[in-house]
$ cat structure.cif   # mmCIF, C-alpha atoms
data_input
#
loop_
_atom_site.label_atom_id
_atom_site.label_comp_id
_atom_site.auth_asym_id
_atom_site.auth_seq_id
_atom_site.Cartn_x
_atom_site.Cartn_y
_atom_site.Cartn_z
CA MET A 1 81.71 116.23 78.93
CA LYS A 2 78.93 117.58 81.12
CA ILE A 3 76.33 115.70 79.13
CA TYR A 4 77.99 112.46 80.23
CA ALA A 5 78.29 113.29 83.94
CA ASN A 6 75.16 111.39 84.89
CA ASP A 7 76.19 108.46 82.69
CA LEU A 8 79.63 108.34 84.30
CA ASN A 9 78.31 108.61 87.83
CA GLY A 10 75.77 105.93 87.06
CA MET A 11 78.44 103.70 85.56
CA LYS A 12 80.64 104.14 88.63
CA ALA A 13 77.76 103.32 91.00
CA GLU A 14 76.82 100.23 89.00
CA ILE A 15 80.40 98.98 88.86
CA GLN A 16 80.84 99.56 92.59
CA ALA A 17 77.72 97.49 93.17
CA GLU A 18 78.94 94.75 90.81
CA LEU A 19 82.24 94.57 92.67
CA LYS A 20 80.86 94.68 96.22
CA ASN A 21 77.65 92.72 95.79
CA HIS A 22 78.55 90.18 93.15
CA ILE A 23 82.23 89.62 92.28
CA ILE A 24 83.67 89.82 95.80
CA PRO A 25 81.05 87.57 97.48
CA PHE A 26 81.38 85.02 94.68
CA TRP A 27 85.12 84.61 95.14
CA GLU A 28 84.96 84.73 98.93
CA LYS A 29 82.79 81.61 98.82
CA LEU A 30 85.45 79.74 96.83
CA LYS A 31 87.95 79.82 99.69
CA ASP A 32 89.13 76.29 100.55
CA ASN A 33 89.41 76.20 104.32
CA ASP A 34 90.49 72.55 104.36
CA PHE A 35 93.45 72.49 101.98
CA GLY A 36 94.20 76.16 101.42
CA GLY A 37 93.90 78.49 98.49
CA PHE A 38 90.75 78.68 96.41
CA TYR A 39 88.80 75.96 94.63
CA GLY A 40 89.88 75.46 91.04
CA LEU A 41 86.74 74.54 89.10
CA LEU A 42 83.11 75.58 88.90
CA ASP A 43 81.52 74.29 85.71
CA TYR A 44 78.91 76.02 83.58
CA ASN A 45 76.12 74.27 85.50
CA LEU A 46 77.57 75.64 88.75
CA ASN A 47 78.85 72.30 90.01
CA LEU A 48 81.83 72.91 92.30
CA ASP A 49 84.66 70.37 92.07
CA LYS A 50 86.52 70.60 95.37
CA LYS A 51 89.14 68.14 94.13
CA ALA A 52 89.95 69.92 90.89
CA PRO A 53 93.53 71.10 90.30
CA LYS A 54 94.45 74.54 91.58
CA GLY A 55 96.19 76.69 89.02
CA CYS A 56 98.96 78.84 90.46
CA ILE A 57 98.03 81.62 88.02
CA LEU A 58 94.47 81.51 89.39
CA ASN A 59 95.68 81.75 92.97
CA SER A 60 98.15 84.54 92.15
CA ARG A 61 95.40 86.52 90.51
CA ILE A 62 93.09 85.94 93.47
CA LEU A 63 95.80 87.26 95.81
CA TRP A 64 96.16 90.32 93.59
CA PHE A 65 92.38 90.78 93.49
CA PHE A 66 91.76 90.67 97.23
CA SER A 67 94.80 92.87 97.93
CA ASN A 68 93.47 95.56 95.64
CA ALA A 69 89.90 95.11 96.84
CA TYR A 70 91.12 95.74 100.37
CA LYS A 71 93.13 98.77 99.23
CA LEU A 72 89.98 100.24 97.69
CA LEU A 73 87.35 99.28 100.26
CA GLU A 74 89.34 98.80 103.49
CA ASP A 75 87.19 95.86 104.56
CA LYS A 76 89.16 93.60 106.92
CA GLU A 77 87.44 90.50 105.49
CA LEU A 78 89.13 91.25 102.17
CA ALA A 79 92.51 91.45 103.89
CA LEU A 80 91.82 88.05 105.47
CA CYS A 81 91.07 86.58 102.03
CA ALA A 82 94.28 88.08 100.67
CA ASN A 83 96.22 86.62 103.57
CA HIS A 84 94.61 83.22 102.93
CA ALA A 85 95.76 83.42 99.30
CA TRP A 86 99.27 84.48 100.36
CA ASN A 87 99.64 81.56 102.75
CA PHE A 88 98.72 79.07 100.04
CA LEU A 89 100.95 80.73 97.47
CA ASN A 90 103.90 80.89 99.81
CA ASN A 91 103.54 77.45 101.40
CA TYR A 92 102.58 75.39 98.35
CA CYS A 93 102.90 77.21 95.01
CA MET A 94 106.45 78.44 95.48
CA ASP A 95 109.30 76.03 94.76
CA LYS A 96 111.56 76.31 97.80
CA GLU A 97 114.27 74.15 96.18
CA ASN A 98 114.63 75.55 92.66
CA GLY A 99 113.01 78.95 93.02
CA GLY A 100 110.02 80.36 91.18
CA ILE A 101 106.40 79.25 91.18
CA PHE A 102 104.90 76.02 89.85
CA TRP A 103 102.24 75.91 87.14
CA SER A 104 99.58 73.96 89.05
CA LEU A 105 98.86 71.90 92.16
CA ASN A 106 96.48 69.14 93.09
CA TYR A 107 93.59 70.12 95.32
CA ASP A 108 95.58 69.15 98.43
CA GLY A 109 98.57 71.36 97.59
CA SER A 110 100.82 68.64 96.13
CA VAL A 111 102.54 69.54 92.87
CA LEU A 112 100.66 68.59 89.72
CA ASP A 113 102.59 70.43 86.99
CA SER A 114 106.05 71.67 87.94
CA THR A 115 106.53 73.73 84.76
CA LYS A 116 108.07 77.13 85.40
CA HIS A 117 106.61 79.62 82.94
CA THR A 118 107.78 83.21 82.77
CA TYR A 119 104.16 84.36 82.46
CA ASN A 120 103.34 82.60 85.72
CA GLN A 121 106.38 84.03 87.52
CA ALA A 122 105.23 87.49 86.45
CA PHE A 123 101.73 87.09 87.85
CA ALA A 124 103.05 85.94 91.19
CA LEU A 125 105.32 89.00 91.31
CA TYR A 126 102.36 91.22 90.37
CA ALA A 127 100.28 89.76 93.19
CA LEU A 128 103.00 89.87 95.81
CA SER A 129 103.75 93.51 95.01
CA SER A 130 100.12 94.47 95.64
CA PHE A 131 99.92 92.35 98.78
CA TYR A 132 103.10 93.96 100.10
CA GLU A 133 101.57 97.40 99.57
CA ILE A 134 98.70 96.61 101.96
CA THR A 135 100.75 94.66 104.54
CA LYS A 136 104.36 95.94 104.46
CA ASN A 137 105.24 92.34 105.34
CA LYS A 138 109.00 91.86 104.88
CA ASP A 139 108.59 88.18 104.02
CA VAL A 140 106.29 89.12 101.16
CA ILE A 141 108.67 91.61 99.62
CA LYS A 142 111.57 89.21 100.11
CA THR A 143 109.63 86.61 98.11
CA ALA A 144 108.77 89.21 95.48
CA GLU A 145 112.41 90.23 95.16
CA SER A 146 113.40 86.58 94.79
CA LEU A 147 110.86 86.17 91.97
CA PHE A 148 112.09 89.30 90.24
CA ASN A 149 115.65 88.01 90.39
CA THR A 150 114.54 84.59 89.16
CA ILE A 151 112.86 86.11 86.12
CA GLU A 152 115.95 88.17 85.34
CA GLU A 153 118.43 85.36 85.93
CA LYS A 154 116.52 82.36 84.55
CA CYS A 155 113.76 83.57 82.22
CA CYS A 156 115.39 85.95 79.78
CA ASP A 157 118.30 86.20 77.39
CA ALA A 158 120.00 88.99 75.48
CA LYS A 159 116.99 89.34 73.16
CA GLY A 160 114.19 89.47 75.72
CA TYR A 161 111.94 87.23 77.79
CA LEU A 162 111.67 83.50 77.21
CA GLU A 163 108.67 81.27 77.85
CA ALA A 164 108.55 77.78 79.39
CA PHE A 165 111.01 75.84 81.55
CA THR A 166 111.24 72.65 83.55
CA LYS A 167 111.11 72.91 87.33
CA ASP A 168 114.88 73.47 87.43
CA PHE A 169 114.70 76.08 84.63
CA LYS A 170 115.81 74.07 81.64
CA PRO A 171 114.05 75.39 78.49
CA GLU A 172 111.07 73.40 77.20
CA SER A 173 108.48 73.86 74.47
CA ASN A 174 105.82 76.52 74.96
CA GLU A 175 102.51 74.68 74.56
CA LYS A 176 100.96 76.55 77.48
CA LEU A 177 101.07 79.97 75.83
CA SER A 178 100.89 78.93 72.19
CA GLU A 179 97.63 78.63 70.27
CA ASN A 180 96.20 78.69 66.76
CA GLY A 181 98.36 75.80 65.59
CA VAL A 182 101.75 77.39 66.24
CA LEU A 183 104.44 76.90 68.86
CA ALA A 184 106.00 80.24 69.75
CA SER A 185 109.50 80.89 71.03
CA ARG A 186 108.43 84.34 72.19
CA THR A 187 105.00 85.80 72.87
CA MET A 188 103.64 89.28 73.19
CA ASN A 189 101.49 88.05 76.08
CA THR A 190 104.40 87.01 78.29
CA THR A 191 106.30 90.23 77.60
CA LEU A 192 103.17 92.28 78.36
CA HIS A 193 102.62 90.67 81.73
CA VAL A 194 106.28 90.91 82.73
CA LEU A 195 105.87 94.62 81.97
CA GLU A 196 102.71 94.73 84.10
CA ALA A 197 104.37 92.93 87.01
CA TYR A 198 107.49 95.08 86.90
CA THR A 199 105.35 98.22 86.83
CA GLU A 200 103.64 97.22 90.08
CA TYR A 201 106.87 95.97 91.66
CA TYR A 202 108.67 99.20 90.80
CA ARG A 203 105.74 101.32 91.95
CA VAL A 204 105.78 99.86 95.46
CA THR A 205 109.56 99.41 95.87
CA LYS A 206 111.32 101.90 93.53
CA ASN A 207 113.79 99.10 92.82
CA ALA A 208 116.44 100.55 90.48
CA LYS A 209 116.92 97.31 88.52
CA ALA A 210 113.16 97.07 87.95
CA LYS A 211 113.17 100.60 86.54
CA GLU A 212 116.03 99.73 84.20
CA ARG A 213 114.20 96.62 82.99
CA LEU A 214 110.90 98.45 82.56
CA ILE A 215 112.65 100.87 80.24
CA TYR A 216 114.15 97.92 78.38
CA ILE A 217 110.75 96.19 77.96
CA LEU A 218 109.02 99.33 76.73
CA ASN A 219 111.69 99.78 74.07
CA LEU A 220 111.34 96.09 73.20
CA VAL A 221 107.60 96.54 72.65
CA ALA A 222 108.14 99.61 70.48
CA ASP A 223 111.05 98.24 68.47
CA LYS A 224 110.30 94.51 68.13
CA ILE A 225 106.69 93.65 69.02
CA TRP A 226 104.75 96.61 67.62
CA ASN A 227 103.98 96.28 63.91
CA ALA A 228 103.64 99.89 62.78
CA ASP A 229 102.53 98.96 59.24
CA ASN A 230 99.60 96.89 60.50
CA ARG A 231 98.96 99.07 63.57
CA ARG A 232 98.90 96.06 65.85
CA GLN A 233 101.20 93.95 67.97
CA LYS A 234 102.72 90.68 66.86
CA VAL A 235 101.31 87.85 68.95
CA PHE A 236 103.36 84.69 68.40
CA MET A 237 106.96 85.08 67.29
CA ASP A 238 110.13 83.17 66.58
CA ASP A 239 113.31 83.74 68.51
CA ASP A 240 114.09 86.90 66.53
CA TYR A 241 110.62 88.47 66.91
CA ASN A 242 109.44 87.56 63.44
CA SER A 243 105.70 86.91 63.48
CA ILE A 244 104.88 83.25 62.83
CA ILE A 245 101.13 83.73 62.28
CA ASP A 246 98.87 86.39 60.81
CA LEU A 247 96.96 87.02 64.02
CA TYR A 248 95.52 90.20 65.49
CA SER A 249 94.57 89.83 69.15
CA TYR A 250 92.04 92.60 69.72
CA GLY A 251 91.83 91.96 73.45
CA HIS A 252 95.56 92.08 74.04
CA ASP A 253 95.97 95.29 72.07
CA ILE A 254 93.27 97.17 73.97
CA GLU A 255 94.65 95.79 77.24
CA SER A 256 98.20 96.75 76.24
CA SER A 257 97.11 100.28 75.32
CA TRP A 258 96.40 101.18 78.92
CA LEU A 259 98.90 98.90 80.69
CA ILE A 260 101.73 100.50 78.71
CA ASP A 261 100.36 103.94 79.56
CA ARG A 262 100.32 102.92 83.23
CA ALA A 263 103.97 101.86 83.01
CA LEU A 264 104.84 105.20 81.40
CA GLU A 265 103.00 107.04 84.15
CA VAL A 266 104.80 105.13 86.92
CA LEU A 267 108.21 105.54 85.27
CA ASN A 268 107.75 109.19 84.28
CA VAL A 269 110.55 109.17 81.68
CA GLU A 270 109.68 111.82 79.12
CA GLU A 271 111.64 110.29 76.23
CA LEU A 272 109.81 106.97 76.63
CA THR A 273 106.45 108.67 76.99
CA GLN A 274 107.04 110.50 73.72
CA LYS A 275 108.05 107.25 72.02
CA LEU A 276 105.28 104.96 73.28
CA THR A 277 102.22 107.22 73.58
CA PRO A 278 101.63 107.34 69.80
CA ILE A 279 101.75 103.53 69.84
CA THR A 280 99.20 103.15 72.63
CA LYS A 281 96.96 105.67 70.90
CA ALA A 282 97.19 103.67 67.69
CA MET A 283 96.33 100.46 69.56
CA ALA A 284 93.15 102.00 70.95
CA GLU A 285 92.23 103.73 67.69
CA HIS A 286 92.73 100.68 65.52
CA THR A 287 90.81 98.26 67.75
CA PHE A 288 88.01 100.84 67.87
CA GLU A 289 87.96 100.99 64.09
CA VAL A 290 88.11 97.29 63.26
CA ALA A 291 86.97 95.24 66.28
CA TYR A 292 84.45 97.32 68.24
CA LYS A 293 81.22 96.05 66.70
CA ASN A 294 77.67 95.64 68.02
CA HIS A 295 78.44 97.34 71.35
CA SER A 296 81.33 94.99 72.17
CA MET A 297 84.83 93.89 71.23
CA MET A 298 85.41 90.86 69.03
CA ASN A 299 87.95 88.23 70.05
CA GLU A 300 90.65 88.18 67.37
CA CYS A 301 91.34 88.07 63.65
CA GLU A 302 93.34 85.25 62.06
CA LYS A 303 94.37 85.52 58.40
CA GLY A 304 91.79 88.24 57.85
CA VAL A 305 88.89 86.30 59.36
CA ASP A 306 87.28 87.67 62.52
CA ASN A 307 86.46 85.46 65.47
CA GLU A 308 83.24 87.07 66.64
CA LYS A 309 83.08 85.41 70.03
CA ARG A 310 82.77 87.93 72.85
CA VAL A 311 85.09 86.91 75.68
CA TRP A 312 84.59 88.14 79.26
CA TRP A 313 88.10 89.46 79.80
CA ILE A 314 88.22 91.29 76.49
CA GLN A 315 85.04 93.22 77.29
CA ALA A 316 86.43 94.18 80.71
CA GLU A 317 89.73 95.38 79.23
CA THR A 318 87.84 97.29 76.53
CA VAL A 319 85.91 99.30 79.12
CA VAL A 320 89.21 100.35 80.72
CA GLY A 321 91.15 100.79 77.47
CA PHE A 322 88.56 103.07 75.89
CA MET A 323 88.13 105.04 79.12
CA ASN A 324 91.90 105.47 79.31
CA GLU A 325 92.07 106.73 75.73
CA PHE A 326 89.22 109.17 76.36
CA GLN A 327 91.01 110.53 79.43
CA LYS A 328 94.20 110.98 77.39
CA SER A 329 92.73 112.42 74.22
CA GLY A 330 89.40 113.93 75.22
CA ASP A 331 87.84 112.20 72.21
CA GLU A 332 84.30 111.45 73.31
CA LYS A 333 83.89 108.51 70.93
CA PHE A 334 86.02 106.50 73.37
CA LEU A 335 83.92 107.57 76.33
CA ARG A 336 80.74 106.58 74.51
CA ALA A 337 82.30 103.24 73.60
CA SER A 338 83.41 102.54 77.17
CA LEU A 339 79.90 103.25 78.45
CA ASP A 340 78.45 101.16 75.62
CA VAL A 341 80.58 98.08 76.36
CA TRP A 342 79.66 98.29 80.04
CA GLU A 343 76.00 98.16 78.99
CA TYR A 344 76.81 95.09 76.89
CA ILE A 345 78.54 93.43 79.85
CA LYS A 346 75.51 94.02 82.05
CA LYS A 347 73.18 92.56 79.44
CA PHE A 348 75.13 89.57 78.16
CA ILE A 349 78.34 88.80 80.10
CA ILE A 350 77.28 89.02 83.75
CA ASP A 351 75.61 85.73 84.65
CA LYS A 352 72.36 86.47 86.48
CA ARG A 353 72.07 82.97 87.94
CA GLU A 354 72.35 82.69 91.71
CA GLY A 355 75.81 81.46 92.68
CA SER A 356 77.53 82.43 89.44
CA GLU A 357 79.71 85.31 88.28
CA TRP A 358 80.48 86.19 84.61
CA PHE A 359 80.18 83.93 81.59
CA TRP A 360 83.47 83.05 79.95
CA ALA A 361 82.17 83.92 76.50
CA VAL A 362 79.06 84.50 74.43
CA ASP A 363 78.52 84.22 70.71
CA LYS A 364 77.88 87.20 68.46
CA ASP A 365 74.18 87.04 69.38
CA GLY A 366 74.88 87.06 73.13
CA ASN A 367 74.25 83.37 73.82
CA PRO A 368 76.63 81.94 76.47
CA ASP A 369 79.05 79.18 75.56
CA LYS A 370 77.88 76.36 77.82
CA SER A 371 81.07 74.34 77.24
CA LEU A 372 83.16 76.87 79.18
CA GLU A 373 83.49 76.98 82.94
CA ILE A 374 82.66 79.82 85.31
CA VAL A 375 85.88 79.13 87.25
CA GLU A 376 88.97 77.25 86.03
CA PRO A 377 92.71 77.94 85.99
CA TRP A 378 92.37 80.90 83.58
CA LYS A 379 88.93 82.16 84.65
CA CYS A 380 89.44 84.45 87.59
CA PRO A 381 88.59 87.87 89.10
CA TYR A 382 91.63 89.57 87.63
CA HIS A 383 90.19 91.22 84.49
CA ASN A 384 86.69 92.03 85.69
CA GLY A 385 87.91 92.93 89.17
CA ARG A 386 90.55 95.20 87.70
CA MET A 387 87.97 96.85 85.45
CA CYS A 388 86.02 97.68 88.61
CA PHE A 389 89.05 99.10 90.42
CA GLU A 390 90.12 101.16 87.41
CA ILE A 391 86.76 102.68 86.63
CA ILE A 392 85.98 103.45 90.28
CA ASN A 393 89.34 105.19 90.65
CA ARG A 394 89.17 107.00 87.29
CA ILE A 395 85.70 108.51 87.65
CA LYS A 396 85.94 111.29 90.23
#

$ encode --input "structure.cif" --output "structure tokens"
Amino acid sequence: MKIYANDLNGMKAEIQAELKNHIIPFWEKLKDNDFGGFYGLLDYNLNLDKKAPKGCILNSRILWFFSNAYKLLEDKELALCANHAWNFLNNYCMDKENGGIFWSLNYDGSVLDSTKHTYNQAFALYALSSFYEITKNKDVIKTAESLFNTIEEKCCDAKGYLEAFTKDFKPESNEKLSENGVLASRTMNTTLHVLEAYTEYYRVTKNAKAKERLIYILNLVADKIWNADNRRQKVFMDDDYNSIIDLYSYGHDIESSWLIDRALEVLNVEELTQKLTPITKAMAEHTFEVAYKNHSMMNECEKGVDNEKRVWWIQAETVVGFMNEFQKSGDEKFLRASLDVWEYIKKFIIDKREGSEWFWAVDKDGNPDKSLEIVEPWKCPYHNGRMCFEIINRIK
């Protein structure tokens, strides 16, 4: 380990600089002081569309990002950005009549897409939990509690968590979180991010119902979503958790490996830790074996064919996932891989152009995909910001 001390300290210093000097200033400049929230679209050529739709997921993630940036750095400007995000979320994104959070708004705060998706409800809860931690604002935690109750009352059934609903929570088809030519009744992705949100909500509130449901979700992952034979999670499933496509999402497995470990750490239930830790180890090990190639993590594998695109969020989650597995196991191959992927990010994923942030994706040779935006409803500071927070906090 001593031979890596300089590498680790250097990595931490570089990631601190990336957070403070690049990611934070970029997103601060996207604050919309006229209509609230944050602008929703910056194209590849760095043209800002001030009248683009504002995704509620994007604004939830921005609230989460600035809350955690303030927690780490204690800069009052970051708290002001978080408060700006909260005001927009609370005043415009939340449905005061039917409960829950909308899918997207027009630039002026009017509702564009009133879909209620469980995934989206979870991200708002995740953000509000972090914002409550830095503010202790009773209105914030009241809203968070309402969202938690909405998810439990409207977005799940006896088998687990459901997907898409109309604005008044009537079930509808799940185009928003289905891909690869299938329409899924249940997705690993939604379940994962409900788990993530409940972990944060329970951590800051110690809500007994949240603890009970966290235990339930972890067992659901182990018993229904984890495919032990293939050493990977199912991605898109029917109502009974049968996989409906031969798809291996490398990014989601490496992300899940450490998010599940975080949930286990927060819960501190020995029986669950014993049950799930071998699974999270297998997730990290298997992605390392099959998807960590050329200093980076590939995108996914469908029907045995790898998609070799390198996506920004997958690289960020890989840095954290491999670091987490090293810290658990002491196996230095994961430490070397985490350091290696950070070097790849610096070289290929971080956009060096003035006024930009990270590329969405590059091809296997490191060339950026010019058809993909720098900011849009899914492209946000959540994954790369969280990588920064995690690595800064993990390297002592």

$ residues_around --input "structure.cif" --residues "Asn367 (chain A)" --least-positions-apart "6" --cutoff "10 Å" --atoms "only C-alpha atoms" --output "list in words"
Lys309, Arg310, Phe348, Ile349, Phe359 and Ala361 of chain A

$ closest_residue --input "structure.cif" --among "A:Thr166, A:Phe326, A:Trp342, A:Glu145" --to "Lys206 (chain A)" --atoms "only C-alpha atoms"
A:Glu145

$ atom_distance --input "structure.cif" --atom1 "CA of Pro171 (chain A)" --atom2 "CA of Asn90 (chain A)"
24.2 Å

$ residues_around --input "structure.cif" --residues "region 242-250 of chain A" --least-positions-apart "4" --cutoff "7 Å" --atoms "all atoms listed in the file" --output "PyMOL selection string"
chain A and resi 232+234-238+254+287+291+298-303

$ resolve_selection --input "structure.cif" --expression "the PyMOL selection byres ((chain A and resi 51-60) around 9)" --output "number ranges by chain"
A: 37-41, 48-50, 61-65, 85-86, 88-89, 93, 101-109, 112, 119-121, 123-128, 376-382

$ atom_distance --input "structure.cif" --atom1 "CA of Ser67 (chain A)" --atom2 "CA of Thr135 (chain A)"
9.1 Å

$ residues_around --input "structure.cif" --residues "Ile345 (chain A)" --least-positions-apart "6" --cutoff "9 Å" --atoms "only C-alpha atoms" --output "PyMOL selection string"
chain A and resi 296+312+315-316+358

$ residues_near_point --input "structure.cif" --point "(104.6, 90.0, 99.7)" --cutoff "7 Å" --atoms "all atoms listed in the file" --output "CSV table (one decimal) with C-alpha atoms, in the frame of the given file"
chain,number,residue,atom,x,y,z
A,128,LEU,CA,103.0,89.9,95.8
A,129,SER,CA,103.8,93.5,95.0
A,131,PHE,CA,99.9,92.4,98.8
A,132,TYR,CA,103.1,94.0,100.1
A,137,ASN,CA,105.2,92.3,105.3
A,139,ASP,CA,108.6,88.2,104.0
A,140,VAL,CA,106.3,89.1,101.2
A,141,ILE,CA,108.7,91.6,99.6
A,143,THR,CA,109.6,86.6,98.1
A,144,ALA,CA,108.8,89.2,95.5

$ atom_distance --input "structure.cif" --atom1 "CA of Asn268 (chain A)" --atom2 "CA of Lys396 (chain A)"
22.7 Å

$ closest_residue --input "structure.cif" --among "A:Tyr344, A:Trp226, A:Tyr44, A:Phe389" --to "Leu372 (chain A)" --atoms "all atoms listed in the file"
A:Tyr44

$ residues_around --input "structure.cif" --residues "Leu72 (chain A)" --least-positions-apart "4" --cutoff "12 Å" --atoms "all atoms listed in the file" --output "PDB file with C-alpha atoms, keeping the file's coordinate frame"
ATOM      1  CA  GLN A  16      80.840  99.560  92.590  1.00  0.00           C
ATOM      2  CA  LEU A  19      82.240  94.570  92.670  1.00  0.00           C
ATOM      3  CA  LYS A  20      80.860  94.680  96.220  1.00  0.00           C
ATOM      4  CA  PHE A  65      92.380  90.780  93.490  1.00  0.00           C
ATOM      5  CA  PHE A  66      91.760  90.670  97.230  1.00  0.00           C
ATOM      6  CA  SER A  67      94.800  92.870  97.930  1.00  0.00           C
ATOM      7  CA  ASN A  68      93.470  95.560  95.640  1.00  0.00           C
ATOM      8  CA  LYS A  76      89.160  93.600 106.920  1.00  0.00           C
ATOM      9  CA  LEU A  78      89.130  91.250 102.170  1.00  0.00           C
ATOM     10  CA  ALA A  79      92.510  91.450 103.890  1.00  0.00           C
ATOM     11  CA  SER A 130     100.120  94.470  95.640  1.00  0.00           C
ATOM     12  CA  ILE A 134      98.700  96.610 101.960  1.00  0.00           C
ATOM     13  CA  GLY A 385      87.910  92.930  89.170  1.00  0.00           C
ATOM     14  CA  ARG A 386      90.550  95.200  87.700  1.00  0.00           C
ATOM     15  CA  CYS A 388      86.020  97.680  88.610  1.00  0.00           C
ATOM     16  CA  PHE A 389      89.050  99.100  90.420  1.00  0.00           C
ATOM     17  CA  GLU A 390      90.120 101.160  87.410  1.00  0.00           C
ATOM     18  CA  ILE A 391      86.760 102.680  86.630  1.00  0.00           C
ATOM     19  CA  ILE A 392      85.980 103.450  90.280  1.00  0.00           C
ATOM     20  CA  ASN A 393      89.340 105.190  90.650  1.00  0.00           C
TER      21      ASN A 393
END

$ resolve_selection --input "structure.cif" --expression "the PyMOL selection byres ((chain A and resi 215) around 12)" --output "count of residues only"
31

$ closest_residue --input "structure.cif" --among "A:His193, A:His295, A:His383, A:Lys96" --to "Asp365 (chain A)" --atoms "all atoms listed in the file"
A:His295

$ resolve_selection --input "structure.cif" --expression "the PyMOL selection byres ((chain A and resi 8) around 12)" --output "JSON, numbers by chain"
{"A": [1, 2, 3, 4, 5, 6, 7, 9, 10, 11, 12, 13, 14, 15, 323, 335, 336, 338, 339, 340, 342, 391, 392, 394, 395, 396]}

$ write_last_selection --input "structure.cif" --atoms "C-alpha atoms" --output "PDB file, in the frame of the given file"
ATOM      1  CA  MET A   1      81.710 116.230  78.930  1.00  0.00           C
ATOM      2  CA  LYS A   2      78.930 117.580  81.120  1.00  0.00           C
ATOM      3  CA  ILE A   3      76.330 115.700  79.130  1.00  0.00           C
ATOM      4  CA  TYR A   4      77.990 112.460  80.230  1.00  0.00           C
ATOM      5  CA  ALA A   5      78.290 113.290  83.940  1.00  0.00           C
ATOM      6  CA  ASN A   6      75.160 111.390  84.890  1.00  0.00           C
ATOM      7  CA  ASP A   7      76.190 108.460  82.690  1.00  0.00           C
ATOM      8  CA  ASN A   9      78.310 108.610  87.830  1.00  0.00           C
ATOM      9  CA  GLY A  10      75.770 105.930  87.060  1.00  0.00           C
ATOM     10  CA  MET A  11      78.440 103.700  85.560  1.00  0.00           C
ATOM     11  CA  LYS A  12      80.640 104.140  88.630  1.00  0.00           C
ATOM     12  CA  ALA A  13      77.760 103.320  91.000  1.00  0.00           C
ATOM     13  CA  GLU A  14      76.820 100.230  89.000  1.00  0.00           C
ATOM     14  CA  ILE A  15      80.400  98.980  88.860  1.00  0.00           C
ATOM     15  CA  MET A 323      88.130 105.040  79.120  1.00  0.00           C
ATOM     16  CA  LEU A 335      83.920 107.570  76.330  1.00  0.00           C
ATOM     17  CA  ARG A 336      80.740 106.580  74.510  1.00  0.00           C
ATOM     18  CA  SER A 338      83.410 102.540  77.170  1.00  0.00           C
ATOM     19  CA  LEU A 339      79.900 103.250  78.450  1.00  0.00           C
ATOM     20  CA  ASP A 340      78.450 101.160  75.620  1.00  0.00           C
ATOM     21  CA  TRP A 342      79.660  98.290  80.040  1.00  0.00           C
ATOM     22  CA  ILE A 391      86.760 102.680  86.630  1.00  0.00           C
ATOM     23  CA  ILE A 392      85.980 103.450  90.280  1.00  0.00           C
ATOM     24  CA  ARG A 394      89.170 107.000  87.290  1.00  0.00           C
ATOM     25  CA  ILE A 395      85.700 108.510  87.650  1.00  0.00           C
ATOM     26  CA  LYS A 396      85.940 111.290  90.230  1.00  0.00           C
TER      27      LYS A 396
END

$ closest_residue --input "structure.cif" --among "A:Asp34, A:Phe169, A:Glu28, A:Cys155" --to "Asn98 (chain A)" --atoms "all atoms listed in the file"
A:Phe169

$ closest_residue --input "structure.cif" --among "A:Asp43, A:Glu289, A:Glu373, A:Glu317" --to "Lys333 (chain A)" --atoms "all atoms listed in the file"
A:Glu289

$ residues_around --input "structure.cif" --residues "Ala282 (chain A)" --least-positions-apart "3" --cutoff "9 Å" --atoms "all atoms listed in the file" --output "ChimeraX atom specification"
/A:228,231-232,257,277-279,285-287
